[in-house]
Every structure is written in C-alpha cells, then in structure tokens.
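Only one structure is covered here, and it is reproduced in the block below.
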Amino acid sequence: MKNPWNLPKRQILIQETERGCSVPVFAQLAGISTNDLKRELPGAILGQVTVNEWIVWLEGKGFAVLKRDGCPVDIVPCVHLVAHSPQSELDFHWVYRDTEGDVHDPSPVSTCMGADDPRMRDLSFYETKQLTISVEGYSAASSSAGSSIGPTEASV
C-alpha cells in the first residue's frame, strides 16, 4: 500500500555478511525466519548454496518452483539473480520482488534506493539480469511457519 505522502518504499532486507544476500531473500520468499534458514542451510550465509540447491530446498518446503532465464518483471513474488558489471560469478547477488512488484535488494549499497523506484521495479538498476526463481503453493511452508558468465550452477 502506498503511503499518503508518496515517500519511497523502504528496503526491507539487509544481508549480514558480504556473501549472505541469499539468506534474507530466500527466507522472505519461503516465508520463514532468517534464523531458520541459516539452521537449515548453514552455507547460505557464506554464499555457498547453488541455484539447484536453492530449488531443491524450496521444493522440500512444499513449493512448486519455476526457474526462468533472465528476469521477467511480471512474476511475483520471486527472486532474481542480478549484477552490476559482472566480471565473475562472485559479482552476482540475489534480490527479492514482493507481491506488489517492488524490488528489495539486501546489499548495503542499495539501502538508499526505494524498493518502488522505477529503476528497481524494471531492474534497469542492474546491468545483468541472470535468472528468476518463483514459487507457487505453500503446503509444507505454511504449516511450518543464461549468459556465458552466469552462475547458474555456481554458489551464489
């Protein structure tokens, strides 16, 4: 819901470590706490969970998972793997798109950008948009709670 003063929508996710962007992003997507996610996937805080491992983890939570190349903006909620001028797979990071289409980037660099800023919503803030993961269904979760340098199989 827009606020009556038309202020930018604040970023709601903050990563705790340099490679830990996936923790708040996937916790938000799955509807669990970051502490629960870190207990289940301790390597996530270090960026050591691959795309395929994230998919298997989400499926284990009861979600039907869709992985798409690139980052279409018409899927909500979802997570996107993006980068600014990537030189290696380590330059990619995860962002979360909420049900309103606003993009929350847990990187400290993005804290000043509104999640509803048009550059965030259309992902033009990022040079490279690698892939999107979206989920449907909450059977287990609700009861318990490519480019040439793309890191599709890499730990991100």
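Here's how to read the names in the structure tokens: chain A, B, ... by the order shown, residue numbers from 1 in each chain, ligand numbers from 1 in the order shown.
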
Just the residues within 6 Å of stretch 94-97 of chain A, please, counting only C-alpha atoms, with nothing from its chain fewer than 5 positions along; format it as a PyMOL selection string. chain A and resi 21-22+25+77-81+102-105

Can you list every residue in chain A that DSSP puts in strand (DSSP E or B), as an MDAnalysis selection string? chainID A and resid 50 64:69 78:83 92:97 103:104 128:136 155

Suppose we keep N, CA and C atoms; can you now write the selection as a PDB file, in the first residue's frame?
```pdb
ATOM      1  N   THR A  50      24.124 -23.452  -4.143  1.00  0.00           N
ATOM      2  CA  THR A  50      23.959 -23.284  -5.586  1.00  0.00           C
ATOM      3  C   THR A  50      22.498 -23.014  -5.932  1.00  0.00           C
ATOM      4  N   ALA A  64       6.070 -25.455  -5.514  1.00  0.00           N
ATOM      5  CA  ALA A  64       6.337 -25.754  -6.920  1.00  0.00           C
ATOM      6  C   ALA A  64       7.233 -24.612  -7.387  1.00  0.00           C
ATOM      7  N   VAL A  65       8.403 -24.944  -7.899  1.00  0.00           N
ATOM      8  CA  VAL A  65       9.420 -23.937  -8.227  1.00  0.00           C
ATOM      9  C   VAL A  65       9.548 -23.798  -9.731  1.00  0.00           C
ATOM     10  N   LEU A  66       9.615 -22.548 -10.188  1.00  0.00           N
ATOM     11  CA  LEU A  66       9.835 -22.239 -11.596  1.00  0.00           C
ATOM     12  C   LEU A  66      11.121 -21.439 -11.714  1.00  0.00           C
ATOM     13  N   LYS A  67      12.049 -21.914 -12.532  1.00  0.00           N
ATOM     14  CA  LYS A  67      13.301 -21.209 -12.796  1.00  0.00           C
ATOM     15  C   LYS A  67      13.249 -20.723 -14.238  1.00  0.00           C
ATOM     16  N   ARG A  68      13.468 -19.429 -14.430  1.00  0.00           N
ATOM     17  CA  ARG A  68      13.446 -18.847 -15.780  1.00  0.00           C
ATOM     18  C   ARG A  68      14.729 -18.089 -16.033  1.00  0.00           C
ATOM     19  N   ASP A  69      15.264 -18.218 -17.253  1.00  0.00           N
ATOM     20  CA  ASP A  69      16.415 -17.415 -17.645  1.00  0.00           C
ATOM     21  C   ASP A  69      15.987 -15.964 -17.730  1.00  0.00           C
ATOM     22  N   CYS A  78       9.053 -13.313  -6.280  1.00  0.00           N
ATOM     23  CA  CYS A  78      10.140 -14.095  -6.861  1.00  0.00           C
ATOM     24  C   CYS A  78      11.471 -13.546  -6.380  1.00  0.00           C
ATOM     25  N   VAL A  79      12.530 -14.229  -6.766  1.00  0.00           N
ATOM     26  CA  VAL A  79      13.877 -13.731  -6.529  1.00  0.00           C
ATOM     27  C   VAL A  79      14.594 -13.672  -7.864  1.00  0.00           C
ATOM     28  N   HIS A  80      15.465 -12.689  -7.987  1.00  0.00           N
ATOM     29  CA  HIS A  80      16.242 -12.501  -9.210  1.00  0.00           C
ATOM     30  C   HIS A  80      17.727 -12.557  -8.869  1.00  0.00           C
ATOM     31  N   LEU A  81      18.501 -13.127  -9.772  1.00  0.00           N
ATOM     32  CA  LEU A  81      19.954 -13.127  -9.656  1.00  0.00           C
ATOM     33  C   LEU A  81      20.468 -12.045 -10.599  1.00  0.00           C
ATOM     34  N   VAL A  82      21.089 -11.015 -10.053  1.00  0.00           N
ATOM     35  CA  VAL A  82      21.462  -9.825 -10.819  1.00  0.00           C
ATOM     36  C   VAL A  82      22.898  -9.419 -10.511  1.00  0.00           C
ATOM     37  N   ALA A  83      23.428  -8.488 -11.328  1.00  0.00           N
ATOM     38  CA  ALA A  83      24.786  -7.980 -11.089  1.00  0.00           C
ATOM     39  C   ALA A  83      24.965  -6.619 -11.743  1.00  0.00           C
ATOM     40  N   PHE A  92      27.535 -11.621  -8.783  1.00  0.00           N
ATOM     41  CA  PHE A  92      26.076 -11.735  -8.801  1.00  0.00           C
ATOM     42  C   PHE A  92      25.532 -11.762  -7.385  1.00  0.00           C
ATOM     43  N   HIS A  93      24.316 -11.259  -7.220  1.00  0.00           N
ATOM     44  CA  HIS A  93      23.656 -11.351  -5.925  1.00  0.00           C
ATOM     45  C   HIS A  93      22.146 -11.460  -6.122  1.00  0.00           C
ATOM     46  N   TRP A  94      21.466 -11.886  -5.050  1.00  0.00           N
ATOM     47  CA  TRP A  94      20.027 -12.117  -5.084  1.00  0.00           C
ATOM     48  C   TRP A  94      19.269 -10.900  -4.600  1.00  0.00           C
ATOM     49  N   VAL A  95      18.139 -10.620  -5.257  1.00  0.00           N
ATOM     50  CA  VAL A  95      17.189  -9.597  -4.815  1.00  0.00           C
ATOM     51  C   VAL A  95      15.807 -10.230  -4.786  1.00  0.00           C
ATOM     52  N   TYR A  96      14.925  -9.654  -3.985  1.00  0.00           N
ATOM     53  CA  TYR A  96      13.574 -10.184  -3.807  1.00  0.00           C
ATOM     54  C   TYR A  96      12.554  -9.222  -4.404  1.00  0.00           C
ATOM     55  N   ARG A  97      11.606  -9.752  -5.196  1.00  0.00           N
ATOM     56  CA  ARG A  97      10.488  -8.960  -5.728  1.00  0.00           C
ATOM     57  C   ARG A  97       9.243  -9.350  -4.938  1.00  0.00           C
ATOM     58  N   VAL A 103      11.167  -4.189  -5.663  1.00  0.00           N
ATOM     59  CA  VAL A 103      12.377  -4.994  -5.550  1.00  0.00           C
ATOM     60  C   VAL A 103      13.176  -4.581  -4.322  1.00  0.00           C
ATOM     61  N   HIS A 104      13.459  -5.574  -3.479  1.00  0.00           N
ATOM     62  CA  HIS A 104      14.210  -5.370  -2.249  1.00  0.00           C
ATOM     63  C   HIS A 104      15.591  -5.996  -2.403  1.00  0.00           C
ATOM     64  N   THR A 128      23.219  -6.713 -15.509  1.00  0.00           N
ATOM     65  CA  THR A 128      22.973  -8.091 -15.907  1.00  0.00           C
ATOM     66  C   THR A 128      21.882  -8.701 -15.041  1.00  0.00           C
ATOM     67  N   LYS A 129      20.917  -9.291 -15.724  1.00  0.00           N
ATOM     68  CA  LYS A 129      19.803  -9.961 -15.059  1.00  0.00           C
ATOM     69  C   LYS A 129      19.840 -11.416 -15.504  1.00  0.00           C
ATOM     70  N   GLN A 130      20.329 -12.285 -14.621  1.00  0.00           N
ATOM     71  CA  GLN A 130      20.651 -13.666 -14.991  1.00  0.00           C
ATOM     72  C   GLN A 130      19.462 -14.615 -14.992  1.00  0.00           C
ATOM     73  N   LEU A 131      18.765 -14.719 -13.850  1.00  0.00           N
ATOM     74  CA  LEU A 131      17.673 -15.678 -13.777  1.00  0.00           C
ATOM     75  C   LEU A 131      16.690 -15.303 -12.680  1.00  0.00           C
ATOM     76  N   THR A 132      15.532 -15.962 -12.742  1.00  0.00           N
ATOM     77  CA  THR A 132      14.453 -15.734 -11.795  1.00  0.00           C
ATOM     78  C   THR A 132      13.987 -17.069 -11.237  1.00  0.00           C
ATOM     79  N   ILE A 133      13.720 -17.086  -9.942  1.00  0.00           N
ATOM     80  CA  ILE A 133      13.111 -18.248  -9.307  1.00  0.00           C
ATOM     81  C   ILE A 133      11.827 -17.768  -8.644  1.00  0.00           C
ATOM     82  N   SER A 134      10.735 -18.432  -8.984  1.00  0.00           N
ATOM     83  CA  SER A 134       9.452 -18.112  -8.358  1.00  0.00           C
ATOM     84  C   SER A 134       8.872 -19.392  -7.775  1.00  0.00           C
ATOM     85  N   VAL A 135       7.914 -19.215  -6.868  1.00  0.00           N
ATOM     86  CA  VAL A 135       7.312 -20.366  -6.197  1.00  0.00           C
ATOM     87  C   VAL A 135       5.799 -20.244  -6.202  1.00  0.00           C
ATOM     88  N   GLU A 136       5.168 -21.405  -6.167  1.00  0.00           N
ATOM     89  CA  GLU A 136       3.714 -21.493  -6.012  1.00  0.00           C
ATOM     90  C   GLU A 136       3.430 -22.554  -4.974  1.00  0.00           C
ATOM     91  N   SER A 155      27.854 -21.335  -6.751  1.00  0.00           N
ATOM     92  CA  SER A 155      27.374 -20.918  -5.432  1.00  0.00           C
ATOM     93  C   SER A 155      27.213 -19.427  -5.424  1.00  0.00           C
TER      94      SER A 155
END
```

Determine which residues of chain A receive a DSSP assignment of helix (DSSP H, G or I), computed from the backbone, and state them as a CSV table (one decimal) with N, CA and C atoms, in the first residue's frame.
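Final file, result.csv:
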```csv
chain,number,residue,atom,x,y,z
A,22,SER,N,21.6,-14.1,-0.1
A,22,SER,CA,20.6,-15.1,-0.3
A,22,SER,C,19.8,-15.4,1.0
A,23,VAL,N,20.3,-15.2,2.1
A,23,VAL,CA,19.6,-15.5,3.4
A,23,VAL,C,18.3,-14.7,3.5
A,24,PRO,N,18.4,-13.4,3.6
A,24,PRO,CA,17.1,-12.7,3.7
A,24,PRO,C,16.2,-12.8,2.5
A,25,VAL,N,16.8,-12.9,1.3
A,25,VAL,CA,16.0,-13.0,0.1
A,25,VAL,C,15.2,-14.3,0.1
A,26,PHE,N,15.8,-15.5,0.3
A,26,PHE,CA,15.1,-16.7,0.2
A,26,PHE,C,14.3,-17.0,1.5
A,27,ALA,N,14.6,-16.4,2.6
A,27,ALA,CA,13.8,-16.5,3.8
A,27,ALA,C,12.5,-15.8,3.5
A,28,GLN,N,12.6,-14.6,2.9
A,28,GLN,CA,11.3,-13.9,2.6
A,28,GLN,C,10.5,-14.6,1.6
A,29,LEU,N,11.1,-15.2,0.5
A,29,LEU,CA,10.4,-16.0,-0.5
A,29,LEU,C,9.7,-17.2,0.1
A,30,ALA,N,10.4,-17.8,1.0
A,30,ALA,CA,9.8,-19.1,1.7
A,30,ALA,C,8.9,-18.8,2.8
A,34,THR,N,15.1,-15.7,9.0
A,34,THR,CA,16.4,-15.9,8.6
A,34,THR,C,17.2,-16.9,9.5
A,35,ASN,N,16.9,-16.9,10.8
A,35,ASN,CA,17.5,-17.9,11.7
A,35,ASN,C,17.2,-19.3,11.3
A,36,ASP,N,15.9,-19.6,10.9
A,36,ASP,CA,15.5,-20.9,10.5
A,36,ASP,C,16.3,-21.3,9.2
A,37,LEU,N,16.4,-20.4,8.3
A,37,LEU,CA,17.1,-20.7,7.0
A,37,LEU,C,18.5,-21.0,7.3
A,38,LYS,N,19.2,-20.2,8.2
A,38,LYS,CA,20.6,-20.4,8.5
A,38,LYS,C,20.8,-21.7,9.1
A,39,ARG,N,19.9,-22.2,10.0
A,39,ARG,CA,20.0,-23.5,10.6
A,39,ARG,C,19.8,-24.6,9.5
A,40,GLU,N,18.9,-24.4,8.6
A,40,GLU,CA,18.7,-25.4,7.6
A,40,GLU,C,19.8,-25.5,6.5
A,42,PRO,N,23.3,-23.8,6.5
A,42,PRO,CA,24.4,-23.0,7.1
A,42,PRO,C,25.3,-22.4,6.1
A,43,GLY,N,25.5,-23.0,4.9
A,43,GLY,CA,26.4,-22.4,3.9
A,43,GLY,C,25.8,-21.2,3.2
A,44,ALA,N,24.6,-20.9,3.4
A,44,ALA,CA,23.9,-19.8,2.7
A,44,ALA,C,24.6,-18.5,3.2
A,45,ILE,N,24.9,-18.3,4.4
A,45,ILE,CA,25.5,-17.1,4.9
A,45,ILE,C,26.8,-16.8,4.3
A,46,LEU,N,27.5,-17.8,3.7
A,46,LEU,CA,28.7,-17.6,3.0
A,46,LEU,C,28.6,-17.6,1.5
A,51,VAL,N,22.3,-22.6,-7.1
A,51,VAL,CA,20.9,-22.3,-7.6
A,51,VAL,C,20.1,-23.6,-7.5
A,52,ASN,N,20.7,-24.7,-7.9
A,52,ASN,CA,19.9,-26.0,-7.9
A,52,ASN,C,19.7,-26.4,-6.4
A,53,GLU,N,20.6,-26.1,-5.5
A,53,GLU,CA,20.3,-26.5,-4.1
A,53,GLU,C,19.2,-25.6,-3.5
A,54,TRP,N,19.1,-24.3,-4.0
A,54,TRP,CA,18.0,-23.5,-3.5
A,54,TRP,C,16.7,-24.1,-4.0
A,55,ILE,N,16.7,-24.5,-5.3
A,55,ILE,CA,15.4,-25.1,-5.8
A,55,ILE,C,15.0,-26.3,-5.1
A,56,VAL,N,16.0,-27.2,-4.8
A,56,VAL,CA,15.7,-28.4,-4.0
A,56,VAL,C,15.2,-28.1,-2.6
A,57,TRP,N,15.8,-27.1,-2.0
A,57,TRP,CA,15.3,-26.7,-0.7
A,57,TRP,C,13.9,-26.1,-0.7
A,58,LEU,N,13.6,-25.3,-1.7
A,58,LEU,CA,12.2,-24.8,-1.8
A,58,LEU,C,11.2,-25.9,-2.1
A,59,GLU,N,11.6,-26.8,-3.0
A,59,GLU,CA,10.7,-27.9,-3.2
A,59,GLU,C,10.5,-28.8,-2.0
A,60,GLY,N,11.5,-28.9,-1.2
A,60,GLY,CA,11.4,-29.6,0.1
A,60,GLY,C,10.5,-28.9,1.1
A,89,GLU,N,31.3,-14.9,-11.4
A,89,GLU,CA,30.1,-15.4,-10.8
A,89,GLU,C,30.0,-14.8,-9.4
A,90,LEU,N,31.1,-14.3,-8.8
A,90,LEU,CA,31.0,-13.8,-7.4
A,90,LEU,C,30.4,-12.4,-7.4
A,91,ASP,N,30.2,-11.8,-8.6
A,91,ASP,CA,29.7,-10.4,-8.7
A,91,ASP,C,28.1,-10.4,-8.7
A,108,PRO,N,24.0,-3.5,1.2
A,108,PRO,CA,24.1,-2.1,1.8
A,108,PRO,C,24.2,-1.0,0.8
A,109,VAL,N,24.7,-1.3,-0.4
A,109,VAL,CA,24.8,-0.3,-1.5
A,109,VAL,C,23.4,0.2,-1.9
A,110,SER,N,22.4,-0.6,-1.7
A,110,SER,CA,21.0,-0.3,-2.2
A,110,SER,C,20.1,0.3,-1.2
A,118,PRO,N,11.3,3.2,-10.0
A,118,PRO,CA,11.1,2.6,-11.3
A,118,PRO,C,12.4,1.8,-11.7
A,119,ARG,N,13.6,2.2,-11.4
A,119,ARG,CA,14.8,1.5,-11.8
A,119,ARG,C,14.9,0.2,-11.1
A,120,MET,N,14.4,0.1,-9.9
A,120,MET,CA,14.4,-1.2,-9.2
A,120,MET,C,13.3,-2.1,-9.7
A,121,ARG,N,12.1,-1.5,-9.9
A,121,ARG,CA,11.0,-2.3,-10.4
A,121,ARG,C,11.2,-2.9,-11.8
A,139,SER,N,2.2,-25.7,0.8
A,139,SER,CA,1.7,-26.9,1.6
A,139,SER,C,2.6,-27.1,2.8
A,140,ALA,N,3.9,-27.3,2.6
A,140,ALA,CA,4.8,-27.5,3.8
A,140,ALA,C,5.2,-26.2,4.5
A,141,ALA,N,5.4,-25.2,3.7
A,141,ALA,CA,5.9,-23.9,4.2
A,141,ALA,C,4.8,-23.3,5.1
A,142,SER,N,3.6,-23.3,4.8
A,142,SER,CA,2.6,-22.6,5.6
A,142,SER,C,2.3,-23.4,6.8
A,143,SER,N,2.4,-24.7,6.8
A,143,SER,CA,2.2,-25.4,8.0
A,143,SER,C,3.3,-25.3,9.0
```

Between A:Tyr126, A:Val73, A:Thr17, A:Ile12, which residue has the minimum interatomic distance to A:Ser85, considering only C-alpha atoms?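 For A:Ser85, the nearest of the given residues is A:Tyr126.
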
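You will find atom CA of A:Gly114 at 28.9 Å from atom CA of A:Phe63.
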
Please report the interatomic distance between atom CA of A:Thr99 and atom CA of A:Glu18 in Å with one decimal. 26.5 Å
